[in-house]
file final03.txt (compact mmCIF, C-alpha atoms)
# COMPACT_ATOMS: atom_id res chain seq x y z
CA MET A 20 -48.13 -18.08 -18.22
CA ASP A 21 -45.48 -19.60 -20.47
CA HIS A 22 -42.38 -17.51 -21.11
CA VAL A 23 -41.95 -16.66 -24.78
CA GLU A 24 -38.41 -15.80 -25.78
CA ALA A 25 -38.27 -12.75 -28.03
CA GLU A 26 -36.76 -13.27 -31.44
CA PRO A 27 -33.49 -11.41 -32.04
CA PRO A 28 -33.82 -8.34 -34.27
CA ASP A 29 -32.85 -8.61 -37.89
CA PRO A 30 -29.23 -7.63 -38.56
CA ILE A 31 -28.68 -4.15 -39.91
CA THR A 32 -27.53 -4.15 -43.50
CA ASP A 33 -26.26 -1.46 -45.86
CA ALA A 34 -29.76 -1.32 -47.34
CA ASP A 35 -31.43 -0.60 -43.96
CA PRO A 36 -33.33 2.72 -44.41
CA GLY A 37 -33.15 3.54 -40.69
CA ARG A 38 -29.39 3.15 -40.72
CA ASP A 39 -29.14 5.41 -43.76
CA ARG A 40 -31.35 8.03 -42.08
CA VAL A 41 -29.09 8.08 -39.02
CA ALA A 42 -25.99 8.59 -41.19
CA ALA A 43 -27.74 11.25 -43.29
CA SER A 44 -28.77 13.14 -40.17
CA LEU A 45 -25.19 13.19 -38.91
CA LEU A 46 -24.12 14.53 -42.31
CA THR A 47 -26.76 17.22 -42.80
CA GLN A 48 -27.54 18.23 -39.22
CA GLY A 49 -24.21 17.60 -37.57
CA PRO A 50 -22.93 15.41 -34.72
CA ALA A 51 -25.49 14.35 -32.13
CA THR A 52 -26.12 12.10 -29.17
CA ALA A 53 -28.32 9.04 -29.52
CA SER A 54 -31.23 10.82 -27.81
CA MET A 55 -30.87 13.82 -30.15
CA LEU A 56 -30.94 11.50 -33.16
CA ALA A 57 -34.03 9.73 -31.84
CA GLU A 58 -35.79 13.07 -31.51
CA ARG A 59 -34.66 14.25 -34.95
CA LEU A 60 -35.79 11.10 -36.72
CA GLY A 61 -38.83 10.20 -34.63
CA ILE A 62 -37.64 6.68 -33.87
CA SER A 63 -36.86 4.91 -30.62
CA GLY A 64 -33.56 5.33 -28.81
CA THR A 65 -33.06 1.56 -28.97
CA ALA A 66 -33.30 1.58 -32.76
CA VAL A 67 -30.94 4.54 -33.00
CA ARG A 68 -28.35 2.79 -30.85
CA ARG A 69 -28.57 -0.35 -33.00
CA HIS A 70 -27.92 1.72 -36.09
CA LEU A 71 -25.05 3.57 -34.40
CA ASP A 72 -23.48 0.29 -33.28
CA SER A 73 -23.57 -0.97 -36.87
CA LEU A 74 -22.12 2.24 -38.29
CA THR A 75 -19.41 2.38 -35.62
CA ALA A 76 -18.40 -1.25 -36.21
CA GLN A 77 -17.85 -0.45 -39.90
CA GLY A 78 -15.74 2.61 -39.11
CA LEU A 79 -18.33 5.00 -40.57
CA VAL A 80 -19.19 6.71 -37.27
CA VAL A 81 -17.06 7.60 -34.25
CA ALA A 82 -18.20 8.38 -30.70
CA SER A 83 -16.66 10.95 -28.38
CA ASP A 84 -17.31 12.22 -24.86
CA ARG A 85 -17.30 15.76 -26.20
CA PRO A 86 -18.66 17.28 -29.42
CA PRO A 87 -16.16 17.88 -32.24
CA PHE A 88 -16.96 21.60 -32.21
CA GLY A 89 -18.78 24.14 -30.05
CA PRO A 90 -18.69 24.53 -26.28
CA THR A 91 -18.15 21.53 -24.07
CA PRO A 92 -21.38 20.81 -22.17
CA SER A 93 -21.26 21.17 -18.42
CA ARG A 94 -20.85 17.85 -16.70
CA GLY A 95 -23.46 16.73 -14.24
CA ARG A 96 -23.80 13.49 -12.41
CA GLY A 97 -23.16 10.27 -14.25
CA ARG A 98 -21.38 9.59 -17.47
CA PRO A 99 -21.86 12.29 -20.12
CA ALA A 100 -23.85 11.33 -23.21
CA ARG A 101 -21.60 10.36 -26.09
CA THR A 102 -21.64 12.45 -29.25
CA PHE A 103 -21.58 10.62 -32.59
CA SER A 104 -20.17 12.01 -35.83
CA LEU A 105 -19.26 10.69 -39.26
CA THR A 106 -15.70 9.62 -40.02
CA PRO A 107 -14.07 10.46 -43.39
CA ALA A 108 -15.04 6.94 -44.50
CA GLY A 109 -18.62 7.66 -43.47
CA ARG A 110 -18.71 10.87 -45.47
CA SER A 111 -17.34 9.06 -48.50
CA GLN A 112 -20.51 6.91 -48.57
CA PHE A 113 -22.47 9.91 -49.81
CA PRO A 114 -22.44 11.17 -53.41
CA SER A 115 -19.44 13.26 -54.41
CA ASP A 116 -18.19 14.81 -57.62
CA TYR A 117 -14.46 14.22 -57.51
CA ASP A 118 -14.44 13.24 -61.18
CA GLY A 119 -16.21 16.47 -62.09
CA LEU A 120 -13.78 18.54 -60.05
CA ALA A 121 -10.76 16.78 -61.56
CA GLY A 122 -12.18 17.28 -65.05
CA GLN A 123 -12.72 20.99 -64.43
CA ALA A 124 -9.20 21.35 -63.05
CA LEU A 125 -7.65 19.68 -66.10
CA ALA A 126 -9.80 21.74 -68.46
CA PHE A 127 -8.65 24.91 -66.68
CA LEU A 128 -5.02 23.73 -66.87
CA SER A 129 -5.39 23.13 -70.60
CA GLU A 130 -7.01 26.53 -71.14
CA VAL A 131 -4.38 28.42 -69.16
CA GLY A 132 -1.24 26.45 -70.03
CA GLY A 133 -2.20 24.88 -73.33
CA ALA A 134 -1.77 21.30 -74.50
CA GLU A 135 1.86 21.28 -73.34
CA ALA A 136 0.85 21.86 -69.71
CA LEU A 137 -1.73 19.10 -69.85
CA THR A 138 0.77 16.68 -71.38
CA ALA A 139 3.35 17.61 -68.74
CA PHE A 140 0.83 16.90 -65.98
CA ALA A 141 -0.01 13.50 -67.49
CA GLU A 142 3.67 12.63 -67.79
CA THR A 143 4.39 13.69 -64.22
CA ARG A 144 1.58 11.48 -62.96
CA ALA A 145 2.90 8.59 -65.08
CA VAL A 146 6.40 9.06 -63.64
CA GLU A 147 4.97 8.71 -60.14
CA LEU A 148 3.22 5.48 -61.17
CA GLU A 149 6.44 4.24 -62.78
CA ALA A 150 8.39 4.88 -59.58
CA GLU A 151 5.74 3.06 -57.53
CA LEU A 152 5.83 0.04 -59.84
CA ARG A 153 9.63 -0.12 -59.78
CA GLU A 154 9.56 -0.01 -55.98
CA ARG A 155 7.01 -2.82 -55.83
CA LEU A 156 8.97 -4.94 -58.33
CA GLY A 157 12.20 -4.52 -56.38
CA ASP A 158 15.84 -3.94 -57.22
CA THR A 159 16.20 -7.29 -58.98
CA TRP A 160 13.64 -6.40 -61.66
CA ASN A 161 15.28 -6.63 -65.08
CA GLY A 162 12.34 -5.99 -67.37
CA ALA A 163 9.92 -8.31 -69.15
CA ASP A 164 12.18 -11.19 -70.08
CA ASN A 165 9.39 -13.77 -69.98
CA ALA A 166 5.75 -14.36 -69.14
CA GLU A 167 6.57 -14.89 -65.47
CA HIS A 168 8.13 -11.45 -65.25
CA ILE A 169 5.06 -9.92 -66.89
CA ALA A 170 2.88 -11.69 -64.33
CA SER A 171 4.95 -9.98 -61.61
CA PHE A 172 4.36 -6.66 -63.37
CA ALA A 173 0.61 -7.35 -63.40
CA SER A 174 0.71 -8.15 -59.69
CA ALA A 175 2.47 -4.85 -59.01
CA LEU A 176 -0.25 -3.04 -60.95
CA SER A 177 -2.91 -4.81 -58.90
CA GLU A 178 -1.21 -3.73 -55.69
CA ALA A 179 -1.33 -0.17 -57.04
CA GLY A 180 -5.12 -0.44 -57.37
CA PHE A 181 -5.61 -1.49 -61.01
CA ALA A 182 -7.02 -5.04 -60.51
CA THR A 183 -4.77 -6.50 -63.20
CA SER A 184 -4.36 -9.93 -64.75
CA ALA A 185 -1.94 -11.33 -67.34
CA GLU A 186 -3.06 -13.75 -70.07
CA PRO A 187 -1.31 -15.39 -73.04
CA ALA A 188 -1.80 -13.69 -76.39
CA PRO A 189 -0.86 -14.82 -79.94
CA THR A 190 2.07 -12.39 -80.07
CA GLY A 191 3.06 -12.27 -76.42
CA VAL A 192 1.24 -11.55 -73.17
CA GLN A 193 -1.91 -9.53 -72.70
CA VAL A 194 -2.15 -7.40 -69.54
CA CYS A 195 -5.73 -6.55 -68.58
CA GLN A 196 -6.54 -3.77 -66.10
CA HIS A 197 -10.05 -4.39 -64.82
CA HIS A 198 -10.20 -1.12 -62.93
CA CYS A 199 -9.08 2.42 -63.79
CA PRO A 200 -9.14 5.01 -60.98
CA VAL A 201 -9.36 7.90 -63.46
CA ALA A 202 -11.53 6.39 -66.18
CA HIS A 203 -14.08 9.21 -66.32
CA VAL A 204 -11.44 11.93 -66.53
CA ALA A 205 -9.26 9.98 -68.98
CA HIS A 206 -12.24 9.73 -71.35
CA GLU A 207 -11.98 13.49 -71.86
CA PHE A 208 -8.20 13.73 -71.53
CA PRO A 209 -6.56 10.73 -73.32
CA GLN A 210 -3.13 12.16 -72.51
CA LEU A 211 -3.44 10.32 -69.18
CA CYS A 212 -3.73 6.96 -70.95
CA GLU A 213 -0.93 7.77 -73.38
CA ALA A 214 1.49 8.74 -70.62
CA GLU A 215 0.56 5.63 -68.61
CA THR A 216 1.25 3.39 -71.61
CA GLU A 217 4.67 4.98 -72.07
CA ALA A 218 5.43 4.42 -68.38
CA PHE A 219 4.58 0.73 -68.80
CA ALA A 220 7.01 0.50 -71.74
CA ARG A 221 9.79 2.06 -69.68
CA VAL A 222 9.26 -0.33 -66.77
CA LEU A 223 8.95 -3.41 -68.99
CA GLY A 224 11.89 -2.40 -71.17
CA ARG A 225 10.10 -3.12 -74.44
CA HIS A 226 7.44 -1.75 -76.78
CA VAL A 227 3.84 -2.25 -75.67
CA GLN A 228 0.58 -1.71 -77.53
CA ARG A 229 -2.67 -0.45 -76.01
CA LEU A 230 -5.65 -2.14 -77.68
CA ALA A 231 -8.50 -0.96 -75.44
CA THR A 232 -9.22 1.27 -72.46
CA ILE A 233 -12.02 1.59 -69.94
CA ALA A 234 -11.90 5.36 -70.55
CA HIS A 235 -13.12 4.77 -74.11
CA GLY A 236 -15.94 2.47 -73.05
CA ASP A 237 -14.17 -0.89 -73.27
CA GLY A 238 -14.67 -3.47 -70.56
CA VAL A 239 -10.99 -3.49 -69.55
CA CYS A 240 -7.77 -1.65 -70.37
CA THR A 241 -5.88 -4.10 -72.57
CA THR A 242 -2.15 -3.82 -73.25
CA VAL A 243 -0.28 -6.35 -75.38
CA ILE A 244 3.37 -6.96 -74.56
CA PRO A 245 5.15 -8.63 -77.49
CA MET A 246 7.66 -11.30 -76.56
CA SER A 247 10.81 -12.09 -78.52
CA SER A 248 14.02 -14.02 -78.03
CA GLU A 249 15.90 -10.76 -77.47
CA PRO A 250 16.34 -9.82 -73.81
CA ALA A 251 14.54 -6.80 -72.49
CA THR A 252 16.55 -3.65 -71.84
CA PRO A 253 14.55 -1.51 -69.43
CA ASP A 254 15.11 2.21 -69.59
CA ALA A 255 16.54 4.05 -66.63
CA PRO A 256 13.95 5.63 -64.30
CA THR A 257 12.54 8.85 -65.69
CA PRO A 258 13.59 12.06 -63.88
CA ALA A 259 11.12 13.38 -61.32
CA THR A 260 10.34 16.40 -63.51
CA PRO A 261 9.78 15.10 -67.04
CA VAL A 262 10.34 17.24 -70.07
CA SER A 263 7.13 17.65 -72.05
CA THR A 264 7.24 15.95 -75.39
CA GLN A 265 4.76 15.79 -78.20
CA SER A 266 2.57 12.72 -77.65
CA THR A 267 2.19 10.20 -80.43
CA GLU A 268 -1.06 8.66 -81.57
CA ARG A 269 -1.85 5.14 -80.39
CA THR A 270 -4.34 2.56 -81.48
CA SER A 271 -6.44 3.39 -78.41
CA ALA A 272 -5.79 5.64 -75.44

call {"tool": "encode", "arguments": {"input": "final03.txt", "output": "structure tokens"}}
result
Amino acid sequence: MDHVEAEPPDPITDADPGRDRVAASLLTQGPATASMLAERLGISGTAVRRHLDSLTAQGLVVASDRPPFGPTPSRGRGRPARTFSLTPAGRSQFPSDYDGLAGQALAFLSEVGGAEALTAFAETRAVELEAELRERLGDTWNGADNAEHIASFASALSEAGFATSAEPAPTGVQVCQHHCPVAHVAHEFPQLCEAETEAFARVLGRHVQRLATIAHGDGVCTTVIPMSSEPATPDAPTPATPVSTQSTERTSA
């Protein structure tokens, strides 16, 4: 009888329903061994182990010789069965409502402390971003003297998680943020956008104009930085605890 070589199994992908069922079981029913998962899900131990290997390789699941909680099982002969559990990255794959929680917290802050408290929070957050940008730009940063300096500013924003590019504009340079980490919350609380724009102006040392924001449904957050022959004079870093000031209206927040 001729030997027929078995075809290798298809690779497990993010869309694999079995893989998702294994992860969901670890989330809803707690850590388990491979044999426990096979019994829970009614699939073979071989399939479970393939899914666990894939999840472990991606850092979504971690294996341990003892369960993360509860009594340690008595050890018999042989190597104890390994217990699998989700990592923080694995848990993050499931739906969450961080935006909703943040929105509720800001609404509560506004109700309890008024508009001044909300503005102070937005300014404090902007000061932290300003300090991060200054650190990324380095001690030699002297403000937006030219387009090259603005490109460096855009790179610093990208490193901070804003996926930013810089493009020529009729009156200067246009900085486009293609990602906003707080877009959903900023839609309800535009003070966040206003304080961020003011932080940009302080770092760049010149007036800037916000034309569009993701928070208001635009495709990108667009900020125009006018260029002139006059050198930029960046402001000194803002104190760690900013004094709340009345925000001014902008073209778009």

call {"tool": "closest_residue", "arguments": {"input": "final03.txt", "among": "A:Ala53, A:Ala214, A:Val67, A:Ala43", "to": "Arg144 (chain A)", "atoms": "only C-alpha atoms"}}
result
A:Ala214

call {"tool": "closest_residue", "arguments": {"input": "final03.txt", "among": "A:Ala136, A:Met246, A:Ala141, A:Leu60", "to": "His168 (chain A)", "atoms": "only C-alpha atoms"}}
result
A:Met246

call {"tool": "closest_residue", "arguments": {"input": "final03.txt", "among": "A:Gly162, A:Ala51, A:Gly238, A:Phe140", "to": "Ala126 (chain A)", "atoms": "all atoms listed in the file"}}
result
A:Phe140

call {"tool": "residues_around", "arguments": {"input": "final03.txt", "residues": "Val80 (chain A)", "least_positions_apart": "3", "cutoff": "8 Å", "atoms": "only C-alpha atoms", "output": "list in words"}}
result
Leu71, Leu74, Thr75, Gln77, Phe103, Ser104, Leu105, Thr106 and Gly109 of chain A

call {"tool": "residues_around", "arguments": {"input": "final03.txt", "residues": "Cys212 (chain A)", "least_positions_apart": "3", "cutoff": "10 Å", "atoms": "all atoms listed in the file", "output": "mmCIF file with C-alpha atoms, in the frame of the given file"}}
result
data_model
loop_
_atom_site.group_PDB
_atom_site.id
_atom_site.type_symbol
_atom_site.label_atom_id
_atom_site.label_comp_id
_atom_site.auth_asym_id
_atom_site.auth_seq_id
_atom_site.Cartn_x
_atom_site.Cartn_y
_atom_site.Cartn_z
ATOM 1 C CA ALA A 141 -0.010 13.500 -67.490
ATOM 2 C CA GLU A 142 3.670 12.630 -67.790
ATOM 3 C CA ALA A 145 2.900 8.590 -65.080
ATOM 4 C CA VAL A 201 -9.360 7.900 -63.460
ATOM 5 C CA ALA A 202 -11.530 6.390 -66.180
ATOM 6 C CA ALA A 205 -9.260 9.980 -68.980
ATOM 7 C CA HIS A 206 -12.240 9.730 -71.350
ATOM 8 C CA PHE A 208 -8.200 13.730 -71.530
ATOM 9 C CA PRO A 209 -6.560 10.730 -73.320
ATOM 10 C CA GLU A 215 0.560 5.630 -68.610
ATOM 11 C CA THR A 216 1.250 3.390 -71.610
ATOM 12 C CA GLU A 217 4.670 4.980 -72.070
ATOM 13 C CA ALA A 218 5.430 4.420 -68.380
ATOM 14 C CA ARG A 229 -2.670 -0.450 -76.010
ATOM 15 C CA THR A 232 -9.220 1.270 -72.460
ATOM 16 C CA ILE A 233 -12.020 1.590 -69.940
ATOM 17 C CA ALA A 234 -11.900 5.360 -70.550
ATOM 18 C CA CYS A 240 -7.770 -1.650 -70.370
ATOM 19 C CA ARG A 269 -1.850 5.140 -80.390
ATOM 20 C CA SER A 271 -6.440 3.390 -78.410
ATOM 21 C CA ALA A 272 -5.790 5.640 -75.440
#

call {"tool": "residues_around", "arguments": {"input": "final03.txt", "residues": "Gly37 (chain A)", "least_positions_apart": "3", "cutoff": "8 Å", "atoms": "only C-alpha atoms", "output": "short mmCIF file (atom, residue, chain, number, x, y, z; two decimals) with C-alpha atoms, in the coordinates of the input"}}
result
data_model
loop_
_atom_site.label_atom_id
_atom_site.label_comp_id
_atom_site.auth_asym_id
_atom_site.auth_seq_id
_atom_site.Cartn_x
_atom_site.Cartn_y
_atom_site.Cartn_z
CA ARG A 40 -31.35 8.03 -42.08
CA VAL A 41 -29.09 8.08 -39.02
CA HIS A 70 -27.92 1.72 -36.09
#

call {"tool": "closest_residue", "arguments": {"input": "final03.txt", "among": "A:Asp158, A:Glu186, A:Glu207, A:Glu135", "to": "Gly119 (chain A)", "atoms": "only C-alpha atoms"}}
result
A:Glu207

call {"tool": "closest_residue", "arguments": {"input": "final03.txt", "among": "A:Leu137, A:Val194, A:Ala76, A:Ala150", "to": "Ala124 (chain A)", "atoms": "all atoms listed in the file"}}
result
A:Leu137

call {"tool": "closest_residue", "arguments": {"input": "final03.txt", "among": "A:Ser44, A:Ser83, A:Thr138, A:Gln228", "to": "Val192 (chain A)", "atoms": "only C-alpha atoms"}}
result
A:Gln228

call {"tool": "atom_distance", "arguments": {"input": "final03.txt", "atom1": "CA of Pro36 (chain A)", "atom2": "CA of Thr102 (chain A)"}}
result
21.5 Å

call {"tool": "atom_distance", "arguments": {"input": "final03.txt", "atom1": "CA of Arg110 (chain A)", "atom2": "CA of Ala57 (chain A)"}}
result
20.5 Å

call {"tool": "atom_distance", "arguments": {"input": "final03.txt", "atom1": "CA of Pro200 (chain A)", "atom2": "CA of Ala166 (chain A)"}}
result
25.8 Å

call {"tool": "residues_around", "arguments": {"input": "final03.txt", "residues": "Ala175 (chain A)", "least_positions_apart": "6", "cutoff": "8 Å", "atoms": "all atoms listed in the file", "output": "PyMOL selection string"}}
result
chain A and resi 152+155-156

call {"tool": "residues_around", "arguments": {"input": "final03.txt", "residues": "Ser177 (chain A)", "least_positions_apart": "2", "cutoff": "12 Å", "atoms": "all atoms listed in the file", "output": "PyMOL selection string"}}
result
chain A and resi 151-152+155-156+170-175+179-185+194-200
